[in-house]
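Undergrad: So that you have it, the file is query.cif, and it contains mmCIF, C-alpha atoms:
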data_query
loop_
_atom_site.label_atom_id
_atom_site.label_comp_id
_atom_site.auth_asym_id
_atom_site.auth_seq_id
_atom_site.Cartn_x
_atom_site.Cartn_y
_atom_site.Cartn_z
CA ARG A 210 -4.14 15.55 44.99
CA GLU A 211 -3.04 11.89 44.59
CA LEU A 212 0.57 12.96 44.00
CA SER A 213 0.40 15.27 47.00
CA GLN A 214 -0.75 12.44 49.24
CA THR A 215 1.61 9.85 47.76
CA PHE A 216 4.77 11.94 48.13
CA GLY A 217 3.77 13.82 51.27
CA VAL A 218 3.97 17.31 49.78
CA SER A 219 1.50 20.14 49.66
CA LEU A 220 -1.06 20.34 46.87
CA SER A 221 0.54 23.52 45.50
CA THR A 222 4.00 21.89 45.44
CA ALA A 223 2.64 18.86 43.56
CA TYR A 224 0.90 21.12 41.06
CA GLU A 225 4.03 23.18 40.45
CA ALA A 226 6.13 20.04 39.93
CA VAL A 227 3.67 18.61 37.41
CA TYR A 228 3.38 21.94 35.62
CA GLU A 229 7.17 22.26 35.27
CA VAL A 230 7.42 18.75 33.80
CA VAL A 231 4.51 19.34 31.41
CA GLU A 232 6.01 22.67 30.32
CA ALA A 233 9.43 21.10 29.71
CA LEU A 234 7.93 18.26 27.68
CA SER A 235 5.78 20.60 25.60
CA ILE A 236 8.83 22.75 24.86
CA ALA A 237 10.64 19.58 23.72
CA THR A 238 7.86 18.79 21.22
CA PRO A 239 9.77 19.97 18.09
CA GLN A 240 12.73 17.73 18.97
CA ILE A 241 10.65 14.61 19.64
CA ILE A 242 7.75 15.03 17.20
CA LYS A 243 9.05 15.97 13.78
CA MET A 244 8.64 15.12 10.13
CA PRO A 245 10.96 12.42 8.81
CA THR A 246 14.10 12.96 6.80
CA GLU A 247 14.35 11.73 3.21
CA GLN A 248 15.75 8.36 4.31
CA GLU A 249 13.15 8.06 7.09
CA ILE A 250 10.39 8.68 4.53
CA ILE A 251 11.67 5.70 2.53
CA ASN A 252 11.77 3.60 5.71
CA ASN A 253 8.23 4.67 6.63
CA ALA A 254 6.95 3.55 3.23
CA SER A 255 8.68 0.20 3.63
CA GLU A 256 7.09 -0.35 7.04
CA PHE A 257 3.62 0.72 5.89
CA ALA A 258 3.90 -1.68 2.94
CA LYS A 259 2.93 -4.62 5.16
CA TYR A 260 -0.64 -3.36 4.70
CA GLY A 261 -0.19 -3.47 0.93
CA TYR A 262 -0.32 0.26 0.17
CA PRO A 263 2.73 1.85 -1.51
CA ASN A 264 4.67 5.07 -0.84
CA VAL A 265 2.94 5.99 2.43
CA LEU A 266 4.59 8.77 4.41
CA GLY A 267 2.07 8.62 7.26
CA ALA A 268 -1.57 8.37 8.30
CA ILE A 269 -3.53 11.43 9.42
CA ASP A 270 -6.68 11.89 11.47
CA GLY A 271 -8.09 13.78 14.44
CA THR A 272 -9.45 12.78 17.82
CA ALA A 273 -11.42 14.58 20.52
CA ILE A 274 -9.97 15.28 23.97
CA SER A 275 -12.68 16.02 26.51
CA VAL A 276 -12.08 19.25 28.44
CA THR A 277 -13.85 21.46 30.94
CA VAL A 278 -14.12 25.00 29.60
CA PRO A 279 -15.41 28.23 31.16
CA ALA A 280 -19.09 28.93 30.65
CA SER A 281 -18.20 31.93 28.49
CA ASN A 282 -16.43 29.63 25.98
CA LYS A 283 -18.68 26.61 26.25
CA LEU A 284 -20.50 27.08 22.94
CA ASP A 285 -17.19 27.41 21.09
CA PHE A 286 -16.11 23.93 22.20
CA PHE A 287 -19.51 22.21 22.35
CA THR A 288 -19.67 19.00 20.29
CA ARG A 289 -22.48 17.05 18.68
CA LYS A 290 -22.15 14.56 21.55
CA TYR A 291 -23.16 17.32 24.00
CA THR A 292 -19.69 17.53 25.53
CA THR A 293 -16.90 20.10 25.34
CA ALA A 294 -13.68 19.01 23.65
CA ILE A 295 -10.54 20.15 21.89
CA ASN A 296 -9.17 18.46 18.79
CA LEU A 297 -5.86 16.63 18.46
CA THR A 298 -4.90 16.15 14.80
CA ALA A 299 -1.85 13.99 14.22
CA VAL A 300 0.22 12.17 11.62
CA CYS A 301 1.80 8.85 12.58
CA ASN A 302 4.10 6.28 11.01
CA ALA A 303 3.67 2.50 10.97
CA ARG A 304 5.33 2.28 14.38
CA LYS A 305 2.59 4.54 15.75
CA GLU A 306 5.02 7.36 16.48
CA PHE A 307 3.61 10.83 15.97
CA LEU A 308 5.33 12.76 13.19
CA ALA A 309 3.25 15.93 13.59
CA ILE A 310 0.54 17.15 15.95
CA THR A 311 -1.84 20.09 16.09
CA VAL A 312 -3.77 20.57 19.30
CA GLY A 313 -6.14 23.22 20.62
CA PHE A 314 -8.71 23.72 17.89
CA SER A 315 -12.33 23.27 18.87
CA GLU A 316 -13.72 19.83 18.05
CA LYS A 317 -16.44 21.74 16.19
CA CYS A 318 -13.90 22.77 13.53
CA HIS A 319 -13.91 20.72 10.34
CA ASP A 320 -10.90 18.47 9.79
CA SER A 321 -10.07 20.20 6.51
CA HIS A 322 -9.92 23.61 8.23
CA ILE A 323 -7.65 22.31 10.99
CA PHE A 324 -5.44 20.65 8.39
CA GLN A 325 -5.10 23.81 6.32
CA CYS A 326 -4.17 25.84 9.42
CA SER A 327 -1.74 23.25 10.80
CA THR A 328 2.01 23.10 10.25
CA ILE A 329 1.74 19.75 8.46
CA GLY A 330 -1.02 21.10 6.23
CA LYS A 331 1.06 24.12 5.27
CA THR A 332 4.05 21.84 4.63
CA VAL A 333 1.98 19.66 2.32
CA MET A 334 0.47 22.62 0.47
CA SER A 335 3.90 24.19 0.01
CA GLY A 336 5.05 21.19 -2.02
CA SER A 337 8.09 20.52 0.17
CA ILE A 338 7.20 16.83 0.55
CA PRO A 339 8.48 14.64 -2.33
CA ARG A 340 5.57 14.16 -4.75
CA GLN A 341 6.16 10.42 -4.79
CA TYR A 342 4.93 10.09 -1.19
CA HIS A 343 1.63 10.81 0.51
CA LEU A 344 -0.37 10.90 3.70
CA LEU A 345 -3.49 8.75 3.94
CA GLY A 346 -6.56 10.57 5.25
CA ASP A 347 -10.31 10.21 5.11
CA ALA A 348 -12.56 12.20 2.78
CA ALA A 349 -12.47 15.23 5.09
CA TYR A 350 -8.88 15.94 4.05
CA GLY A 351 -9.71 16.08 0.35
CA GLN A 352 -7.37 15.19 -2.47
CA HIS A 353 -3.85 16.51 -2.91
CA VAL A 354 -0.84 15.01 -4.60
CA ASN A 355 0.59 14.37 -1.10
CA VAL A 356 -2.73 13.45 0.55
CA ILE A 357 -4.72 10.49 -0.76
CA SER A 358 -8.32 9.84 0.34
CA PRO A 359 -10.63 6.92 -0.55
CA TYR A 360 -12.80 6.84 -3.65
CA PRO A 361 -16.22 8.26 -2.75
CA GLY A 362 -19.60 6.66 -3.42
CA GLU A 363 -21.06 3.17 -3.51
CA ASN A 364 -21.13 0.39 -6.13
CA LEU A 365 -17.46 0.95 -6.91
CA SER A 366 -15.50 -1.24 -9.29
CA ALA A 367 -13.54 -4.16 -7.88
CA ALA A 368 -10.30 -2.22 -8.34
CA LYS A 369 -11.57 0.86 -6.51
CA THR A 370 -13.07 -1.28 -3.74
CA LEU A 371 -9.71 -3.00 -3.26
CA HIS A 372 -7.99 0.39 -3.17
CA ASN A 373 -10.37 1.64 -0.47
CA ASN A 374 -9.89 -1.52 1.60
CA LYS A 375 -6.09 -1.24 1.45
CA HIS A 376 -6.33 2.48 2.15
CA SER A 377 -8.52 1.86 5.21
CA SER A 378 -6.39 -0.92 6.69
CA THR A 379 -3.23 1.19 6.27
CA ARG A 380 -4.78 4.37 7.68
CA MET A 381 -5.91 2.50 10.80
CA ALA A 382 -2.38 3.06 12.14
CA ILE A 383 -3.45 6.50 13.33
CA GLU A 384 -6.50 5.10 15.12
CA ARG A 385 -4.27 2.61 16.92
CA SER A 386 -1.86 5.43 17.79
CA PHE A 387 -4.66 7.43 19.41
CA SER A 388 -5.85 4.34 21.25
CA ASP A 389 -2.37 3.65 22.66
CA LEU A 390 -1.96 7.32 23.62
CA LYS A 391 -5.21 7.43 25.60
CA CYS A 392 -4.56 4.06 27.24
CA ARG A 393 -1.08 5.12 28.31
CA PHE A 394 -2.27 8.43 29.73
CA LEU A 395 -5.68 8.10 31.33
CA ARG A 396 -5.60 11.80 32.19
CA LEU A 397 -6.61 12.38 28.55
CA LYS A 398 -10.02 10.87 29.25
CA HIS A 399 -10.94 14.30 30.57
CA LEU A 400 -8.92 17.44 31.30
CA SER A 401 -10.28 19.81 33.90
CA CYS A 402 -7.93 22.79 33.72
CA ASP A 403 -7.22 25.99 31.85
CA LEU A 404 -7.40 25.48 28.07
CA SER A 405 -3.83 26.59 27.44
CA TYR A 406 -2.63 24.15 30.10
CA ALA A 407 -4.81 21.41 28.57
CA ASN A 408 -3.05 21.95 25.23
CA MET A 409 0.33 21.62 26.96
CA ILE A 410 -0.74 18.40 28.67
CA VAL A 411 -1.84 16.84 25.37
CA ALA A 412 1.44 17.83 23.69
CA ALA A 413 3.43 16.47 26.64
CA CYS A 414 1.57 13.16 26.47
CA CYS A 415 2.32 12.90 22.74
CA VAL A 416 6.01 13.49 23.46
CA LEU A 417 6.03 10.79 26.15
CA HIS A 418 4.13 8.48 23.78
CA ASN A 419 6.90 8.78 21.19
CA ILE A 420 9.56 8.16 23.83
CA CYS A 421 7.70 5.03 24.94
CA VAL A 422 7.41 3.76 21.36
CA ARG A 423 11.08 4.40 20.59
CA ASN A 424 12.08 2.52 23.73
CA ARG A 425 9.79 -0.35 22.73
CA ASP A 426 7.61 -0.47 25.81
CA ILE A 427 5.42 -2.54 23.47
CA ASP A 428 7.47 -4.39 20.83
CA HIS A 429 5.45 -4.53 17.63
CA ASN A 430 8.24 -6.18 15.61
CA ILE A 431 7.85 -3.83 12.64
CA GLN A 432 9.04 -5.35 9.38
CA ARG A 433 10.05 -3.67 6.14
CA TYR A 434 8.86 -4.76 2.74
CA ASP A 435 10.64 -4.26 -0.55
CA ASN A 436 7.47 -3.09 -2.31
CA GLY A 437 7.02 -0.09 -0.03
CA ASN A 438 8.29 2.25 -2.72
CA VAL A 439 7.08 2.06 -6.30
CA ILE A 440 7.44 4.36 -9.28
CA LEU A 441 4.12 6.09 -9.91
CA GLN A 442 3.32 8.13 -12.99
CA PHE A 443 0.96 10.98 -12.17
CA THR A 444 0.17 14.61 -12.83
CA ASN A 445 -2.28 15.31 -10.01
CA ALA A 446 -3.94 13.69 -6.99
CA GLU A 447 -6.66 11.87 -8.94
CA THR A 448 -4.31 10.31 -11.47
CA LYS A 449 -1.93 9.38 -8.67
CA ARG A 450 -4.73 7.56 -6.82
CA ASP A 451 -5.70 5.78 -10.04
CA ALA A 452 -2.07 4.75 -10.59
CA ILE A 453 -1.95 3.28 -7.08
CA THR A 454 -5.20 1.43 -7.77
CA ARG A 455 -3.75 -0.09 -10.94
CA HIS A 456 -0.65 -1.09 -8.98
CA LEU A 457 -2.76 -2.83 -6.32
CA PHE A 458 -5.34 -4.50 -8.52
CA VAL A 459 -4.46 -7.62 -10.47
CA PRO A 460 -7.60 -8.78 -12.30
CA THR A 461 -8.43 -12.47 -12.10
CA VAL A 462 -8.39 -14.45 -15.32
#
Could I get this structure in the form of structure tokens?
TA:
Amino acid sequence: RELSQTFGVSLSTAYEAVYEVVEALSIATPQIIKMPTEQEIINNASEFAKYGYPNVLGAIDGTAISVTVPASNKLDFFTRKYTTAINLTAVCNARKEFLAITVGFSEKCHDSHIFQCSTIGKTVMSGSIPRQYHLLGDAAYGQHVNVISPYPGENLSAAKTLHNNKHSSTRMAIERSFSDLKCRFLRLKHLSCDLSYANMIVAACCVLHNICVRNRDIDHNIQRYDNGNVILQFTNAETKRDAITRHLFVPTV
């Protein structure tokens, strides 16, 4: 309605114009949002190293996008906050560009289920990502040689506490990415439209977000650090996490 009034066109014309742009952007998603090449993985790790955590490919998490859904589907998308929402799960790099997105699952779905069904989850499980590198996720994503989560429990050792602190500060990149996304595109505060169209809008906003980041609409002056890539000896996810902890922790004398 605002576009219709601003540009002096009918409401239907404004809607069709917006729909065509959203559709074009969502179709462009695979070209704009994609997993890094081997060299880009090395660069990502170097940029993430400013937080002190080695060999990071990206940070992963999910966020809720409020939507209006038909009464017949309301229970499927009802959240614990008494709203209806879809989930956007994404992986980002240190520049806060999205490397992978999955949108459309109900916010009621557990993060681990969404991850296992997503393209990035299937890529990780297939073993196609170099074993040296990993995503950082919270406990919901479990442990995998390419996905590292914090140590669980309380009263952890000093080394494990340090690991969790470094893990948390590094993984916050994805929270900042979501924050920038929603601040750039206030439409994502609430989507009142068909669910399939809502999914397209979210994907289109993620594409535009990446374009904004790459054109430095906000210059974050990302630096690279030589210690972003280290040689880690490991046989599984747990021993890999322990190796990282030993790399991070230097006991005081």
Undergrad: Any idea what's packed within 9 Å of Thr311 of chain A, counting all atoms listed in the file, ignoring anything in its chain fewer than 2 positions away? Could you give it as a PyMOL selection string?
TA: chain A and resi 296-299+309+313-314+323-324+327-329+412
Undergrad: Write a file of the selected residues as a PDB file, in the frame of the given file, keeping C-alpha atoms.
TA:
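Saved as selection12.pdb:
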ATOM      1  CA  ASN A 296      -9.170  18.460  18.790  1.00  0.00           C
ATOM      2  CA  LEU A 297      -5.860  16.630  18.460  1.00  0.00           C
ATOM      3  CA  THR A 298      -4.900  16.150  14.800  1.00  0.00           C
ATOM      4  CA  ALA A 299      -1.850  13.990  14.220  1.00  0.00           C
ATOM      5  CA  ALA A 309       3.250  15.930  13.590  1.00  0.00           C
ATOM      6  CA  GLY A 313      -6.140  23.220  20.620  1.00  0.00           C
ATOM      7  CA  PHE A 314      -8.710  23.720  17.890  1.00  0.00           C
ATOM      8  CA  ILE A 323      -7.650  22.310  10.990  1.00  0.00           C
ATOM      9  CA  PHE A 324      -5.440  20.650   8.390  1.00  0.00           C
ATOM     10  CA  SER A 327      -1.740  23.250  10.800  1.00  0.00           C
ATOM     11  CA  THR A 328       2.010  23.100  10.250  1.00  0.00           C
ATOM     12  CA  ILE A 329       1.740  19.750   8.460  1.00  0.00           C
ATOM     13  CA  ALA A 412       1.440  17.830  23.690  1.00  0.00           C
TER      14      ALA A 412
END
Undergrad: Pull out every residue that the PyMOL selection byres ((chain A and resi 305) around 8) matches in the shown coordinates and put them as a list in words.
TA: Cys301, Asn302, Ala303, Arg304, Glu306, Phe307, Ala382, Ile383, Arg385, Ser386 and Val422 of chain A
Undergrad: Give me, please, the distance in Å between atom CA of Thr246 of chain A and atom CA of Ser337 of chain A, quoted to one decimal.
TA: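 Here the two named atoms are 11.7 Å from each other.
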Undergrad: Gln248 of chain A: which residues within 12 Å, counting all atoms listed in the file, same-chain residues fewer than 6 positions away excluded, as a list in words?
TA: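 Skipping anything fewer than 6 positions along the chain leaves Ala254, Ser255, Leu266, Pro339 and Asn438 of chain A.
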Undergrad: Write the residues you've just listed into a file as a compact mmCIF listing (two decimals), in the frame of the given file, and include C-alpha atoms for each of them.
TA:
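What ended up in selection_11.txt:
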# COMPACT_ATOMS: atom_id res chain seq x y z
CA ALA A 254 6.95 3.55 3.23
CA SER A 255 8.68 0.20 3.63
CA LEU A 266 4.59 8.77 4.41
CA PRO A 339 8.48 14.64 -2.33
CA ASN A 438 8.29 2.25 -2.72
Undergrad: When you look at Thr454 of chain A with a cut-off of 12 Å (counting all atoms listed in the file), what residues show up, excluding the ones that are within fewer than 3 positions of it in the same chain? I need them as a PDB file with C-alpha atoms, keeping the file's coordinate frame.
TA:
ATOM      1  CA  GLY A 261      -0.190  -3.470   0.930  1.00  0.00           C
ATOM      2  CA  TYR A 262      -0.320   0.260   0.170  1.00  0.00           C
ATOM      3  CA  PRO A 263       2.730   1.850  -1.510  1.00  0.00           C
ATOM      4  CA  ILE A 357      -4.720  10.490  -0.760  1.00  0.00           C
ATOM      5  CA  PRO A 359     -10.630   6.920  -0.550  1.00  0.00           C
ATOM      6  CA  TYR A 360     -12.800   6.840  -3.650  1.00  0.00           C
ATOM      7  CA  SER A 366     -15.500  -1.240  -9.290  1.00  0.00           C
ATOM      8  CA  ALA A 367     -13.540  -4.160  -7.880  1.00  0.00           C
ATOM      9  CA  ALA A 368     -10.300  -2.220  -8.340  1.00  0.00           C
ATOM     10  CA  LYS A 369     -11.570   0.860  -6.510  1.00  0.00           C
ATOM     11  CA  THR A 370     -13.070  -1.280  -3.740  1.00  0.00           C
ATOM     12  CA  LEU A 371      -9.710  -3.000  -3.260  1.00  0.00           C
ATOM     13  CA  HIS A 372      -7.990   0.390  -3.170  1.00  0.00           C
ATOM     14  CA  ASN A 373     -10.370   1.640  -0.470  1.00  0.00           C
ATOM     15  CA  ASN A 374      -9.890  -1.520   1.600  1.00  0.00           C
ATOM     16  CA  LYS A 375      -6.090  -1.240   1.450  1.00  0.00           C
ATOM     17  CA  HIS A 376      -6.330   2.480   2.150  1.00  0.00           C
ATOM     18  CA  LEU A 441       4.120   6.090  -9.910  1.00  0.00           C
ATOM     19  CA  GLU A 447      -6.660  11.870  -8.940  1.00  0.00           C
ATOM     20  CA  THR A 448      -4.310  10.310 -11.470  1.00  0.00           C
ATOM     21  CA  LYS A 449      -1.930   9.380  -8.670  1.00  0.00           C
ATOM     22  CA  ARG A 450      -4.730   7.560  -6.820  1.00  0.00           C
ATOM     23  CA  ASP A 451      -5.700   5.780 -10.040  1.00  0.00           C
ATOM     24  CA  LEU A 457      -2.760  -2.830  -6.320  1.00  0.00           C
ATOM     25  CA  PHE A 458      -5.340  -4.500  -8.520  1.00  0.00           C
ATOM     26  CA  VAL A 459      -4.460  -7.620 -10.470  1.00  0.00           C
ATOM     27  CA  PRO A 460      -7.600  -8.780 -12.300  1.00  0.00           C
TER      28      PRO A 460
END
Undergrad: Using the chain letters and numbering of this document, enumerate as a ChimeraX atom specification the residues selected by the PyMOL selection byres ((chain A and resi 320) around 12).
TA: /A:269-273,296-299,311,314-319,321-327,330,346-351
Undergrad: For the atom pair atom CA of Thr222 of chain A and atom CA of Val416 of chain A, what is the interatomic distance in Å to one decimal place?
TA: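 Value for the atom CA of Thr222 of chain A-atom CA of Val416 of chain A distance: 23.6 Å.
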Undergrad: Evaluated on this file, the PyMOL selection byres ((chain A and resi 401-411) around 12) picks out some residues - which ones are they, written as a ChimeraX atom specification?
TA: /A:224,227-238,272-279,282-283,286,293-299,310-315,387,390-391,394-400,412-418
Undergrad: Return the single residue from A:Glu211, A:Val300, A:Ile420, A:Leu284 that is closest to Gln240 of chain A, with distances computed using all atoms listed in the file.
TA: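 Closest to Gln240 of chain A, using all atoms listed in the file: A:Ile420.
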Undergrad: How many Å lie between atom CA of His353 of chain A and atom CA of Met244 of chain A, rounded to one decimal?
TA: 18.1 Å
Undergrad: Around all the atoms of segment 317-336 of chain A listed in the file, with 3 Å of room on each side, what axis-aligned box do you get, giving centre and edge lengths in Å to one decimal, as JSON?
TA:
{"center_x": -5.7, "center_y": 22.2, "center_z": 7.1, "size_x": 27.5, "size_y": 13.4, "size_z": 24.2}
